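Participant: File work.cif below, mmCIF, C-alpha atoms:
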```
data_data
#
loop_
_atom_site.label_atom_id
_atom_site.label_comp_id
_atom_site.auth_asym_id
_atom_site.auth_seq_id
_atom_site.Cartn_x
_atom_site.Cartn_y
_atom_site.Cartn_z
CA MET A 1 -185.59 78.05 83.10
CA GLY A 2 -184.78 78.68 86.76
CA GLU A 3 -187.95 80.71 87.33
CA LEU A 4 -190.03 78.20 85.38
CA GLY A 5 -188.71 75.46 87.64
CA ARG A 6 -189.31 77.55 90.79
CA LEU A 7 -185.70 76.93 91.76
CA ALA A 8 -185.09 80.14 93.69
CA HIS A 9 -188.40 79.99 95.52
CA THR A 10 -187.79 76.35 96.41
CA GLU A 11 -184.39 77.03 97.97
CA VAL A 12 -185.58 80.06 99.93
CA ARG A 13 -188.54 78.09 101.18
CA PHE A 14 -186.28 75.21 102.22
CA TYR A 15 -184.12 77.47 104.37
CA ASP A 16 -187.12 79.33 105.77
CA GLU A 17 -189.29 76.33 106.60
CA LEU A 18 -187.33 73.07 106.61
CA SER A 19 -183.61 73.53 107.14
CA ALA A 20 -183.77 73.82 110.93
CA GLY A 21 -184.67 70.14 111.13
CA VAL A 22 -182.16 68.94 108.54
CA ALA A 23 -178.62 67.92 109.45
CA GLY A 24 -175.76 68.89 107.17
CA THR A 25 -177.02 72.26 105.97
CA PRO A 26 -175.27 75.63 106.26
CA GLN A 27 -176.66 78.09 108.76
CA CYS A 28 -178.90 80.64 107.07
CA HIS A 29 -178.65 84.23 108.35
CA GLY A 30 -181.31 85.67 106.08
CA SER A 31 -183.36 85.06 102.94
CA GLY A 32 -185.87 86.68 100.66
CA PHE A 33 -187.75 85.98 97.44
CA ASP A 34 -189.67 88.37 95.18
CA PRO A 35 -192.43 86.46 93.33
CA LEU A 36 -192.89 89.31 90.85
CA THR A 37 -189.32 89.36 89.56
CA GLY A 38 -188.05 85.93 90.62
CA ARG A 39 -185.11 87.59 92.34
CA PHE A 40 -183.92 86.16 95.62
CA VAL A 41 -181.22 86.47 98.25
CA LEU A 42 -179.72 83.97 100.68
CA VAL A 43 -177.11 84.83 103.29
CA LEU A 44 -175.41 81.64 104.46
CA GLU A 45 -172.52 80.98 106.78
CA ASP A 46 -169.07 81.18 105.22
CA LEU A 47 -168.18 77.50 105.02
CA ALA A 48 -164.84 78.24 103.38
CA ALA A 49 -163.73 80.09 106.51
CA GLY A 50 -163.79 76.85 108.49
CA PRO A 51 -162.28 73.38 108.13
CA CYS A 52 -164.49 72.27 105.23
CA GLU A 53 -163.57 70.08 102.30
CA PHE A 54 -165.32 70.76 98.98
CA PRO A 55 -165.21 67.93 96.41
CA ASP A 56 -166.11 68.52 92.78
CA THR A 57 -167.63 66.64 89.88
CA LEU A 58 -164.25 65.97 88.26
CA HIS A 59 -162.96 63.90 91.17
CA PRO A 60 -165.03 60.86 92.22
CA LEU A 61 -165.74 60.18 95.87
CA ASP A 62 -164.25 57.13 97.53
CA LYS A 63 -166.34 54.58 99.39
CA ASP A 64 -165.91 56.24 102.79
CA GLN A 65 -166.94 59.66 101.48
CA ALA A 66 -169.89 58.17 99.61
CA GLY A 67 -170.91 56.43 102.82
CA LEU A 68 -171.08 59.75 104.65
CA VAL A 69 -173.28 61.19 101.90
CA VAL A 70 -175.53 58.12 101.96
CA GLU A 71 -175.96 58.48 105.73
CA LEU A 72 -176.85 62.15 105.31
CA LEU A 73 -179.47 61.28 102.70
CA ALA A 74 -180.88 58.66 105.05
CA ARG A 75 -181.29 61.30 107.78
CA LEU A 76 -182.96 63.67 105.32
CA HIS A 77 -185.33 61.00 104.02
CA ALA A 78 -186.20 59.78 107.53
CA THR A 79 -186.94 63.32 108.71
CA PHE A 80 -189.70 63.80 106.14
CA TRP A 81 -190.93 60.23 105.72
CA GLY A 82 -194.69 60.56 106.07
CA ARG A 83 -194.30 64.29 106.77
CA LEU A 84 -194.09 65.82 103.31
CA PRO A 85 -194.53 69.58 102.96
CA ALA A 86 -197.57 70.31 100.82
CA TRP A 87 -195.62 72.56 98.45
CA ALA A 88 -192.99 69.95 97.50
CA TYR A 89 -193.73 68.43 94.10
CA SER A 90 -192.24 65.50 92.22
CA ALA A 91 -189.68 65.78 89.43
CA SER A 92 -192.23 64.51 86.91
CA GLY A 93 -194.68 67.12 88.20
CA ASP A 94 -192.19 69.92 87.53
CA HIS A 95 -193.30 72.33 84.79
CA THR A 96 -189.85 72.05 83.23
CA SER A 97 -190.34 68.31 82.64
CA LEU A 98 -192.33 69.31 79.55
CA LEU A 99 -189.10 70.70 78.13
CA THR A 100 -186.71 68.01 79.32
CA GLY A 101 -187.40 65.51 76.54
CA PRO A 102 -186.86 68.02 73.71
CA LEU A 103 -183.76 69.37 75.48
CA LEU A 104 -182.36 65.85 75.81
CA LYS A 105 -182.83 65.28 72.08
CA LEU A 106 -181.19 68.62 71.26
CA SER A 107 -178.28 67.87 73.59
CA SER A 108 -177.82 64.45 72.01
CA ARG A 109 -177.61 65.97 68.54
CA LYS A 110 -175.07 68.56 69.71
CA LEU A 111 -172.97 65.90 71.44
CA ALA A 112 -173.03 63.70 68.35
CA GLU A 113 -171.71 66.63 66.31
CA ARG A 114 -168.92 67.55 68.70
CA ALA A 115 -167.80 64.39 70.50
CA ASP A 116 -167.23 60.68 69.93
CA ILE A 117 -169.99 59.71 72.36
CA ASP A 118 -172.46 57.00 71.37
CA VAL A 119 -175.53 59.10 72.12
CA ALA A 120 -177.77 56.49 70.48
CA CYS A 121 -177.48 54.47 73.70
CA GLY A 122 -179.65 57.05 75.43
CA ARG A 123 -182.21 57.55 72.69
CA PHE A 124 -184.77 55.39 74.47
CA ILE A 125 -184.85 57.80 77.43
CA ASP A 126 -184.78 60.85 75.14
CA GLU A 127 -187.89 59.63 73.36
CA HIS A 128 -189.80 58.44 76.44
CA TYR A 129 -188.59 60.84 79.12
CA ARG A 130 -191.93 61.79 80.67
CA ALA A 131 -193.08 58.17 80.95
CA ALA A 132 -189.73 57.22 82.49
CA ALA A 133 -189.90 60.15 84.91
CA ARG A 134 -193.36 59.11 86.09
CA LEU A 135 -192.08 55.60 86.67
CA LEU A 136 -189.15 56.88 88.73
CA ASP A 137 -191.51 59.01 90.80
CA ARG A 138 -193.72 56.20 92.00
CA PRO A 139 -194.25 55.98 95.82
CA PRO A 140 -193.11 55.76 98.55
CA HIS A 141 -192.16 59.43 98.65
CA THR A 142 -190.06 61.53 100.96
CA VAL A 143 -188.24 64.84 100.61
CA THR A 144 -185.18 64.48 98.38
CA HIS A 145 -182.36 66.93 97.80
CA GLY A 146 -182.70 66.31 94.07
CA ASP A 147 -179.14 67.09 92.99
CA ALA A 148 -176.76 65.46 95.47
CA HIS A 149 -173.69 65.14 93.27
CA PRO A 150 -170.14 65.92 94.50
CA GLY A 151 -170.36 69.55 93.39
CA ASN A 152 -173.12 70.12 95.94
CA VAL A 153 -171.46 68.23 98.80
CA TYR A 154 -169.10 69.36 101.54
CA PHE A 155 -167.40 67.53 104.41
CA ARG A 156 -166.90 68.99 107.87
CA ASP A 157 -165.93 67.36 111.16
CA GLY A 158 -166.26 63.84 109.77
CA ALA A 159 -169.75 64.34 108.35
CA ALA A 160 -171.24 65.29 104.99
CA GLY A 161 -173.31 68.36 104.20
CA LEU A 162 -175.33 69.50 101.20
CA LEU A 163 -175.55 72.79 99.34
CA ASP A 164 -177.85 74.05 96.57
CA TRP A 165 -181.35 73.02 97.62
CA GLN A 166 -183.06 74.47 94.55
CA ALA A 167 -183.93 71.04 93.16
CA LEU A 168 -185.62 69.79 96.35
CA ARG A 169 -188.50 67.51 95.38
CA ARG A 170 -190.70 64.78 96.75
CA GLY A 171 -189.74 61.41 95.34
CA HIS A 172 -188.69 57.81 95.75
CA PRO A 173 -185.49 57.47 97.83
CA GLY A 174 -184.11 54.95 95.36
CA ARG A 175 -184.06 57.61 92.66
CA GLU A 176 -181.93 59.89 94.83
CA LEU A 177 -179.58 57.10 95.84
CA ALA A 178 -179.08 55.97 92.25
CA TYR A 179 -178.44 59.52 91.04
CA THR A 180 -176.03 60.28 93.87
CA LEU A 181 -173.97 57.11 93.65
CA ILE A 182 -173.74 57.13 89.85
CA THR A 183 -172.67 60.78 89.70
CA SER A 184 -170.36 60.55 92.71
CA MET A 185 -168.25 57.44 92.19
CA ALA A 186 -166.13 55.82 89.51
CA THR A 187 -168.11 52.97 87.93
CA GLY A 188 -165.87 50.16 89.19
CA ASP A 189 -165.71 51.56 92.71
CA ARG A 190 -169.48 51.99 92.83
CA GLN A 191 -170.19 48.50 91.55
CA ALA A 192 -167.89 47.05 94.19
CA ALA A 193 -169.37 49.11 97.02
CA GLU A 194 -173.02 49.71 96.17
CA HIS A 195 -174.48 46.79 98.11
CA ASP A 196 -172.57 47.83 101.23
CA LEU A 197 -173.62 51.45 100.73
CA LEU A 198 -177.28 50.50 100.34
CA GLU A 199 -177.07 48.49 103.55
CA ARG A 200 -175.50 51.49 105.26
CA TYR A 201 -178.38 53.63 103.99
CA ARG A 202 -181.03 51.15 105.16
CA HIS A 203 -179.62 50.96 108.68
CA ALA A 204 -179.20 54.74 108.93
CA LEU A 205 -182.74 55.32 107.66
CA ALA A 206 -184.23 53.04 110.30
CA ALA A 207 -181.98 54.45 113.04
CA GLU A 208 -183.20 57.98 112.26
CA GLY A 209 -186.86 57.01 112.59
CA GLY A 210 -187.57 56.08 108.99
CA PRO A 211 -188.97 52.75 107.79
CA ASP A 212 -186.99 49.52 107.92
CA LEU A 213 -186.85 48.97 104.17
CA ASP A 214 -186.17 45.58 102.71
CA ALA A 215 -183.00 45.59 100.60
CA ASP A 216 -184.99 44.55 97.54
CA GLU A 217 -187.18 47.66 97.83
CA LEU A 218 -184.18 49.84 96.98
CA TRP A 219 -183.70 47.93 93.72
CA GLN A 220 -187.34 48.22 92.68
CA LEU A 221 -186.74 51.12 90.32
CA LEU A 222 -184.39 49.03 88.20
CA ASP A 223 -186.89 46.18 88.14
CA ALA A 224 -189.65 48.61 87.24
CA PHE A 225 -187.55 50.03 84.43
CA GLY A 226 -187.10 46.52 83.09
CA GLN A 227 -190.86 46.00 83.12
CA PHE A 228 -191.43 49.39 81.49
CA GLU A 229 -188.96 48.63 78.71
CA ARG A 230 -190.52 45.21 78.11
CA GLU A 231 -193.91 46.86 77.77
CA MET A 232 -192.43 49.34 75.28
CA PHE A 233 -190.94 46.40 73.36
CA ASP A 234 -194.25 44.52 73.28
CA SER A 235 -196.23 47.53 72.09
CA GLY A 236 -193.58 48.37 69.50
CA ILE A 237 -193.41 44.91 68.02
CA GLY A 238 -197.20 44.86 67.88
CA ARG A 239 -197.23 48.07 65.84
CA ALA A 240 -194.43 46.80 63.57
CA THR A 241 -196.29 43.60 62.66
CA VAL A 242 -199.91 44.76 62.57
CA GLY A 243 -201.73 43.63 59.42
CA LEU A 244 -198.91 41.32 58.31
CA ARG A 245 -198.88 37.55 58.01
CA GLY A 246 -196.50 34.65 57.63
CA THR A 247 -192.89 35.29 56.74
CA GLU A 248 -193.54 38.99 56.19
CA LYS A 249 -194.80 39.34 59.77
CA LEU A 250 -191.87 37.33 61.16
CA ASP A 251 -189.33 39.42 59.25
CA ALA A 252 -190.98 42.64 60.44
CA ALA A 253 -190.63 41.39 64.02
CA LEU A 254 -186.93 40.65 63.51
CA ARG A 255 -186.32 44.06 61.96
CA PHE A 256 -188.04 45.67 64.93
CA ILE A 257 -185.79 43.76 67.36
CA VAL A 258 -182.73 45.17 65.61
CA SER A 259 -183.98 48.75 65.46
CA TYR A 260 -185.22 48.62 69.06
CA GLN A 261 -181.94 47.40 70.47
CA GLN A 262 -179.96 49.99 68.54
CA SER A 263 -182.02 52.77 70.12
CA TYR A 264 -182.31 51.10 73.52
CA SER A 265 -180.61 52.41 76.64
CA GLY A 266 -180.55 49.00 78.33
CA VAL A 267 -177.06 48.20 77.05
CA ARG A 268 -175.77 51.07 79.12
CA LEU A 269 -177.71 49.64 82.06
CA VAL A 270 -175.86 46.35 81.57
CA ASP A 271 -172.60 48.25 81.95
CA ILE A 272 -173.85 49.92 85.13
CA GLU A 273 -175.83 47.15 86.84
CA PRO A 274 -174.85 43.84 85.18
CA GLU A 275 -176.06 41.64 88.05
CA VAL A 276 -179.54 43.14 88.02
CA VAL A 277 -179.90 42.94 84.24
CA ILE A 278 -178.59 39.37 83.99
CA ALA A 279 -181.05 38.33 86.70
CA GLN A 280 -183.87 39.95 84.73
CA LEU A 281 -182.81 38.20 81.52
CA ALA A 282 -183.25 34.82 83.16
CA HIS A 283 -186.97 35.60 83.43
CA ILE A 284 -187.30 37.50 80.16
CA ILE A 285 -185.73 34.97 77.76
CA PRO A 286 -188.46 32.29 78.12
CA VAL A 287 -191.18 34.91 77.58
CA MET A 288 -189.50 36.35 74.47
CA ARG A 289 -188.86 32.85 73.11
CA ALA A 290 -192.52 31.90 73.49
CA ARG A 291 -193.69 35.10 71.78
CA LEU A 292 -191.38 34.63 68.82
CA GLN A 293 -192.28 30.97 68.53
CA ARG A 294 -195.90 31.95 67.91
CA LEU A 295 -194.76 33.56 64.64
CA LEU A 296 -193.01 30.37 63.50
CA SER A 297 -194.28 27.07 62.17
CA GLY A 298 -192.89 23.60 61.60
CA PRO A 299 -191.28 20.98 63.85
CA ASN A 300 -188.20 23.11 64.60
CA ALA A 301 -190.09 26.26 65.59
CA ALA A 302 -189.03 26.04 69.24
CA VAL A 303 -185.35 25.59 68.36
CA LYS A 304 -185.44 28.44 65.84
CA ALA A 305 -187.10 30.79 68.32
CA ALA A 306 -184.64 29.87 71.07
CA THR A 307 -181.66 30.40 68.76
CA ALA A 308 -182.90 33.78 67.55
CA ILE A 309 -183.54 35.02 71.08
CA ARG A 310 -180.08 33.93 72.20
CA VAL A 311 -178.60 35.83 69.26
CA ALA A 312 -180.63 38.89 70.23
CA VAL A 313 -179.52 38.63 73.87
CA SER A 314 -175.86 38.42 72.85
CA HIS A 315 -176.25 41.63 70.83
CA TYR A 316 -178.03 43.19 73.80
CA ILE A 317 -175.20 42.41 76.22
CA VAL A 318 -172.37 43.25 73.81
CA ARG A 319 -173.72 46.07 71.68
CA SER A 320 -173.40 45.53 67.92
CA ASP A 321 -172.59 48.40 65.60
CA ASP A 322 -173.65 46.44 62.50
CA GLY A 323 -177.42 46.31 62.23
CA ASP A 324 -177.37 44.53 58.87
CA GLN A 325 -175.28 41.69 60.25
CA PHE A 326 -177.47 41.47 63.35
CA LEU A 327 -180.57 41.16 61.17
CA ALA A 328 -178.87 38.60 58.91
CA GLN A 329 -178.05 36.45 61.94
CA LEU A 330 -181.64 36.58 63.17
CA ARG A 331 -182.98 35.69 59.73
CA HIS A 332 -180.57 32.77 59.48
CA ALA A 333 -181.64 31.53 62.91
CA VAL A 334 -185.32 31.35 61.95
CA GLY A 335 -184.76 30.18 58.37
CA ILE A 336 -185.66 33.33 56.43
CA LYS A 337 -183.66 33.73 53.23
CA GLN A 338 -181.63 36.89 52.78
CA PRO A 339 -182.55 39.32 49.99
CA ASP A 340 -179.63 37.90 47.96
CA GLY A 341 -181.14 34.42 48.30
CA SER A 342 -178.54 33.09 50.73
#
```
If you took the structure in this file and wrote it as structure tokens, what would it be?
Facilitator:
Amino acid sequence: MGELGRLAHTEVRFYDELSAGVAGTPQCHGSGFDPLTGRFVLVLEDLAAGPCEFPDTLHPLDKDQAGLVVELLARLHATFWGRLPAWAYSASGDHTSLLTGPLLKLSSRKLAERADIDVACGRFIDEHYRAAARLLDRPPHTVTHGDAHPGNVYFRDGAAGLLDWQALRRGHPGRELAYTLITSMATGDRQAAEHDLLERYRHALAAEGGPDLDADELWQLLDAFGQFEREMFDSGIGRATVGLRGTEKLDAALRFIVSYQQSYSGVRLVDIEPEVVIAQLAHIIPVMRARLQRLLSGPNAAVKAATAIRVAVSHYIVRSDDGDQFLAQLRHAVGIKQPDGS
């Protein structure tokens, strides 16, 4: 997998061609890569011999530490903004991305067998990984570290540094920031600090010669994911109801809503970014209500559609583990009788 992903070659090339202009990297005394065998060597300074602190993935960073990492990423991104090396490719352009989706599905099955983790929450990404990856890789691009979690971070003399440059890619800075903050901080701490940290990043990026990004630009990936998921919902409900009419078509739409939400990763997004998702819902609810209303008839069609959508939203925010009850509630809201006649 490493050779397929060009990991060794990427890291050697980083130290040979780019590291001199990047703050927070160990000094490299020598490097080599053999393209025939994929073997490589890097001789770096002995960081452990000096006053360095090495965090790990089992211990979250605090706000101050995360701020140092964010500033380091800003310097990295500013250095290569508009100056991308030709050989740097995006994560979605990585050969290994062809294998990521199947590997995610396999990992989910293994986790479900061995742990009490609700892997169904991530099934949406498992099934649509390549489309999601392309969305995350939309411009603007700069050089990203690609794997800036606490296990690849060190602190020295009041500043952060980064190790393990094998996953260096070109990509959207928001993707790197999201990955780093989510993997580095406890959820509550991150939610409380993320706006301040993004402001710290914006100011550092501009100070280092990068663009003066608007704060909203750093949230665009979440907004884009919302749009992507809505498009997936629309196309899915279209397939579920094609060729059907009347009550049969309406019931098929309701059954799709239930199955979609049970396989949908957005509930997890609500847990992570509730403010963003709630803001999106304010715009989505009227659209969903209007679409469902087109499948209804009679003087109370608008009320029925509004009630059903509110039921669906409540199940979206607080995930239901009872699909039959969810469907029964939707049917009751729009006036469809249950199979038992109730």
Participant: Would you kindly translate the PyMOL selection byres ((chain A and resi 34) around 12) into the concrete residues it picks from this file, as a VMD selection string?
Facilitator: chain A and resid 3 6 8 to 9 12 to 13 31 to 33 35 to 41
Participant: Report the distance between atom CA of A:His283 and atom CA of A:Val258 in Å, rounded to one decimal place.
Facilitator: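 Answer for the atom CA of A:His283 to atom CA of A:Val258 separation: 20.7 Å.
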Participant: Would you write out, as a PyMOL selection string, every residue that the PyMOL selection byres ((chain A and resi 250-257) around 10) captures in this file?
Facilitator: chain A and resi 233+236-242+244-249+258-262+292-296+308-309+312+323-324+326-331+334+336
Participant: For the PyMOL selection byres ((chain A and resi 69) around 10), applied here, can you spell out every residue it catches as a ChimeraX atom specification?
Facilitator: /A:24,61,63-68,70-75,148-150,153-155,159-162,177,180-181,184,197,201
Participant: Measure the distance from atom CA of A:Ala23 to atom CA of A:Leu76 in Å and round it to one decimal.
Facilitator: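 Computed distance, atom CA of A:Ala23 to atom CA of A:Leu76, equals 7.3 Å.
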Participant: Distance atom CA of A:Leu213-atom CA of A:Arg190, one decimal place?
Facilitator: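 Atom CA of A:Arg190 lies at a distance of 21.0 Å from atom CA of A:Leu213.
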Participant: Let me make sure I understand: among A:Ala215, A:Tyr129, A:Arg109, A:Ala49, which one has the smallest atom-to-atom distance to A:His195 if we use all atoms listed in the file?
Facilitator: A:Ala215
Participant: For a quick check of understanding, using only C-alpha atoms, which of A:Lys337, A:Arg169, A:Arg114, A:His95 has the smallest distance to A:Phe14?
Facilitator: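 Of the candidates, the smallest distance to A:Phe14 is held by A:Arg169.
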